[in-house]
Amino acid sequence: MLTNQINWIKVEIEVPVHDFIQQVKVRAKKLCLIRNQGKLYMVQNTCPHAGGILSGGWCEKGNIVCPIHRYEYDLDSGRGAEGQGDYIKIYPLEMRDDGLYVGFRESLWERFFGKNKV
């Protein structure tokens, strides 16, 4: 049976203590790092509705709001607001002694053909 492995990658950033929204680059992927009401979140940086950059948006009532059409996404679940029918990807985070880490699920390709495989 295959299990979902998570690869933890260090985010090379000094994390501000106040609420913020910022684009970060991890593994050549542009992500959106958010601190809202004291809690950290990492989400995809592109709005699934029209491609807006979520790190250019704002937070409101526990949602990230896209700056283009004001589509909203729940920071805990990734679900779009009622009637939107879409969602954003939420990445797991771990704060360790040496900094912030984001989790990437190992892809099927990596499982079968990763560098540790024959």
# chains A, B, ... in the order shown; residues from 1 in each chain; ligands from 1
>>> residues_around(residues="His49 of chain A", least_positions_apart="2", cutoff="9 Å", atoms="only C-alpha atoms", output="PDB file with N, CA and C atoms, in the first residue's frame")
ATOM      1  N   THR A  46      -1.962  31.532  -6.538  1.00  0.00           N
ATOM      2  CA  THR A  46      -2.784  31.912  -7.684  1.00  0.00           C
ATOM      3  C   THR A  46      -4.245  31.579  -7.407  1.00  0.00           C
ATOM      4  N   CYS A  47      -5.103  32.556  -7.615  1.00  0.00           N
ATOM      5  CA  CYS A  47      -6.537  32.350  -7.434  1.00  0.00           C
ATOM      6  C   CYS A  47      -7.051  31.434  -8.540  1.00  0.00           C
ATOM      7  N   GLY A  51      -6.916  33.689 -11.826  1.00  0.00           N
ATOM      8  CA  GLY A  51      -5.458  33.788 -11.843  1.00  0.00           C
ATOM      9  C   GLY A  51      -4.878  34.950 -11.073  1.00  0.00           C
ATOM     10  N   GLY A  52      -5.677  35.598 -10.248  1.00  0.00           N
ATOM     11  CA  GLY A  52      -5.156  36.698  -9.436  1.00  0.00           C
ATOM     12  C   GLY A  52      -4.089  36.218  -8.467  1.00  0.00           C
ATOM     13  N   HIS A  69     -11.296  39.866  -8.237  1.00  0.00           N
ATOM     14  CA  HIS A  69     -12.762  39.803  -8.204  1.00  0.00           C
ATOM     15  C   HIS A  69     -13.319  39.596  -6.802  1.00  0.00           C
ATOM     16  N   TYR A  71     -12.939  37.114  -4.784  1.00  0.00           N
ATOM     17  CA  TYR A  71     -13.297  35.748  -4.405  1.00  0.00           C
ATOM     18  C   TYR A  71     -12.607  35.437  -3.086  1.00  0.00           C
ATOM     19  N   GLN A  84     -19.176  29.730  -4.957  1.00  0.00           N
ATOM     20  CA  GLN A  84     -17.996  29.788  -5.831  1.00  0.00           C
ATOM     21  C   GLN A  84     -17.690  28.431  -6.460  1.00  0.00           C
ATOM     22  N   ASP A  86     -15.182  26.413  -5.842  1.00  0.00           N
ATOM     23  CA  ASP A  86     -13.767  26.132  -6.056  1.00  0.00           C
ATOM     24  C   ASP A  86     -13.038  26.127  -4.718  1.00  0.00           C
TER      25      ASP A  86
END
>>> select_by_dssp(residues="segment 12-73 of chain A", states="strand (DSSP E)", output="mmCIF file with C-alpha atoms, in the first residue's frame")
data_model
loop_
_atom_site.group_PDB
_atom_site.id
_atom_site.type_symbol
_atom_site.label_atom_id
_atom_site.label_comp_id
_atom_site.auth_asym_id
_atom_site.auth_seq_id
_atom_site.Cartn_x
_atom_site.Cartn_y
_atom_site.Cartn_z
ATOM 1 C CA PHE A 20 0.980 39.813 7.072
ATOM 2 C CA ILE A 21 0.522 38.345 3.579
ATOM 3 C CA GLN A 22 3.638 37.672 1.515
ATOM 4 C CA GLN A 23 4.687 35.740 -1.562
ATOM 5 C CA VAL A 24 7.469 33.249 -0.883
ATOM 6 C CA LYS A 25 9.343 30.937 -3.235
ATOM 7 C CA VAL A 26 9.859 27.338 -2.150
ATOM 8 C CA LYS A 29 7.044 27.350 -6.507
ATOM 9 C CA LYS A 30 5.473 30.711 -5.674
ATOM 10 C CA LEU A 31 3.316 30.344 -2.566
ATOM 11 C CA CYS A 32 1.421 32.720 -0.311
ATOM 12 C CA LEU A 33 2.480 32.858 3.352
ATOM 13 C CA ILE A 34 -0.070 34.434 5.674
ATOM 14 C CA ARG A 35 -0.257 35.259 9.345
ATOM 15 C CA ASN A 36 -3.880 36.048 10.170
ATOM 16 C CA LYS A 39 -1.932 31.907 12.999
ATOM 17 C CA LEU A 40 0.364 30.981 10.090
ATOM 18 C CA TYR A 41 -0.946 29.567 6.797
ATOM 19 C CA MET A 42 0.668 28.602 3.492
ATOM 20 C CA VAL A 43 -1.583 28.492 0.433
ATOM 21 C CA GLN A 44 -1.207 28.470 -3.340
ATOM 22 C CA TRP A 58 -6.142 40.698 2.149
ATOM 23 C CA CYS A 59 -7.693 38.658 4.939
ATOM 24 C CA GLU A 60 -11.243 39.071 6.123
ATOM 25 C CA ASN A 63 -10.595 34.110 4.510
ATOM 26 C CA ILE A 64 -7.969 35.213 1.989
ATOM 27 C CA VAL A 65 -9.599 37.596 -0.497
ATOM 28 C CA GLU A 72 -12.770 34.422 -0.866
ATOM 29 C CA TYR A 73 -11.135 31.217 0.367
#
>>> select_by_dssp(residues="chain A", states="alpha helix (DSSP H)", output="list in words")
Leu108, Trp109, Glu110, Arg111, Phe112 and Phe113 of chain A
>>> residues_around(residues="Tyr87 of chain A", least_positions_apart="4", cutoff="7 Å", atoms="only C-alpha atoms", output="PyMOL selection string")
chain A and resi 73+78-80
>>> write_last_selection(atoms="N, CA and C atoms", output="mmCIF file, in the first residue's frame")
data_model
loop_
_atom_site.group_PDB
_atom_site.id
_atom_site.type_symbol
_atom_site.label_atom_id
_atom_site.label_comp_id
_atom_site.auth_asym_id
_atom_site.auth_seq_id
_atom_site.Cartn_x
_atom_site.Cartn_y
_atom_site.Cartn_z
ATOM 1 N N TYR A 73 -11.480 32.610 0.088
ATOM 2 C CA TYR A 73 -11.135 31.217 0.367
ATOM 3 C C TYR A 73 -10.807 31.069 1.848
ATOM 4 N N GLY A 78 -9.499 25.817 2.751
ATOM 5 C CA GLY A 78 -9.238 26.114 1.351
ATOM 6 C C GLY A 78 -10.495 26.286 0.515
ATOM 7 N N ARG A 79 -11.650 26.007 1.087
ATOM 8 C CA ARG A 79 -12.915 26.081 0.341
ATOM 9 C C ARG A 79 -13.267 27.524 -0.016
ATOM 10 N N GLY A 80 -13.784 27.667 -1.249
ATOM 11 C CA GLY A 80 -14.268 28.966 -1.680
ATOM 12 C C GLY A 80 -15.563 29.314 -0.958
#
>>> residues_around(residues="Lys10 of chain A", least_positions_apart="5", cutoff="9 Å", atoms="only C-alpha atoms", output="list in words")
Val26, Asp98, Gly99, Leu100, Tyr101, Val102 and Gly103 of chain A
>>> closest_residue(among="A:Gly85, A:Phe104, A:Met95, A:Phe112", to="Val15 of chain A", atoms="only C-alpha atoms")
A:Met95
>>> closest_residue(among="A:Leu93, A:Ala81, A:Leu108, A:Leu75", to="Trp8 of chain A", atoms="only C-alpha atoms")
A:Leu93
>>> decode(residues="segment 36-73 of chain A", atoms="C-alpha atoms", output="PDB file, in the first residue's frame")
ATOM      1  CA  ASN A  36      -3.880  36.048  10.170  1.00  0.00           C
ATOM      2  CA  GLN A  37      -5.044  36.610  13.740  1.00  0.00           C
ATOM      3  CA  GLY A  38      -1.717  35.201  14.941  1.00  0.00           C
ATOM      4  CA  LYS A  39      -1.932  31.907  12.999  1.00  0.00           C
ATOM      5  CA  LEU A  40       0.364  30.981  10.090  1.00  0.00           C
ATOM      6  CA  TYR A  41      -0.946  29.567   6.797  1.00  0.00           C
ATOM      7  CA  MET A  42       0.668  28.602   3.492  1.00  0.00           C
ATOM      8  CA  VAL A  43      -1.583  28.492   0.433  1.00  0.00           C
ATOM      9  CA  GLN A  44      -1.207  28.470  -3.340  1.00  0.00           C
ATOM     10  CA  ASN A  45      -0.527  31.984  -4.623  1.00  0.00           C
ATOM     11  CA  THR A  46      -2.784  31.912  -7.684  1.00  0.00           C
ATOM     12  CA  CYS A  47      -6.537  32.350  -7.434  1.00  0.00           C
ATOM     13  CA  PRO A  48      -8.295  29.455  -9.210  1.00  0.00           C
ATOM     14  CA  HIS A  49     -11.061  31.767 -10.420  1.00  0.00           C
ATOM     15  CA  ALA A  50      -9.145  34.189 -12.662  1.00  0.00           C
ATOM     16  CA  GLY A  51      -5.458  33.788 -11.843  1.00  0.00           C
ATOM     17  CA  GLY A  52      -5.156  36.698  -9.436  1.00  0.00           C
ATOM     18  CA  ILE A  53      -2.171  36.802  -7.102  1.00  0.00           C
ATOM     19  CA  LEU A  54      -3.478  35.984  -3.618  1.00  0.00           C
ATOM     20  CA  SER A  55      -0.445  37.539  -1.894  1.00  0.00           C
ATOM     21  CA  GLY A  56      -1.735  40.868  -3.269  1.00  0.00           C
ATOM     22  CA  GLY A  57      -5.034  40.372  -1.458  1.00  0.00           C
ATOM     23  CA  TRP A  58      -6.142  40.698   2.149  1.00  0.00           C
ATOM     24  CA  CYS A  59      -7.693  38.658   4.939  1.00  0.00           C
ATOM     25  CA  GLU A  60     -11.243  39.071   6.123  1.00  0.00           C
ATOM     26  CA  LYS A  61     -13.189  36.897   8.588  1.00  0.00           C
ATOM     27  CA  GLY A  62     -10.724  33.981   8.317  1.00  0.00           C
ATOM     28  CA  ASN A  63     -10.595  34.110   4.510  1.00  0.00           C
ATOM     29  CA  ILE A  64      -7.969  35.213   1.989  1.00  0.00           C
ATOM     30  CA  VAL A  65      -9.599  37.596  -0.497  1.00  0.00           C
ATOM     31  CA  CYS A  66      -8.373  37.757  -4.112  1.00  0.00           C
ATOM     32  CA  PRO A  67      -7.636  41.342  -5.184  1.00  0.00           C
ATOM     33  CA  ILE A  68      -9.142  40.928  -8.682  1.00  0.00           C
ATOM     34  CA  HIS A  69     -12.762  39.803  -8.204  1.00  0.00           C
ATOM     35  CA  ARG A  70     -12.825  39.514  -4.394  1.00  0.00           C
ATOM     36  CA  TYR A  71     -13.297  35.748  -4.405  1.00  0.00           C
ATOM     37  CA  GLU A  72     -12.770  34.422  -0.866  1.00  0.00           C
ATOM     38  CA  TYR A  73     -11.135  31.217   0.367  1.00  0.00           C
TER      39      TYR A  73
END
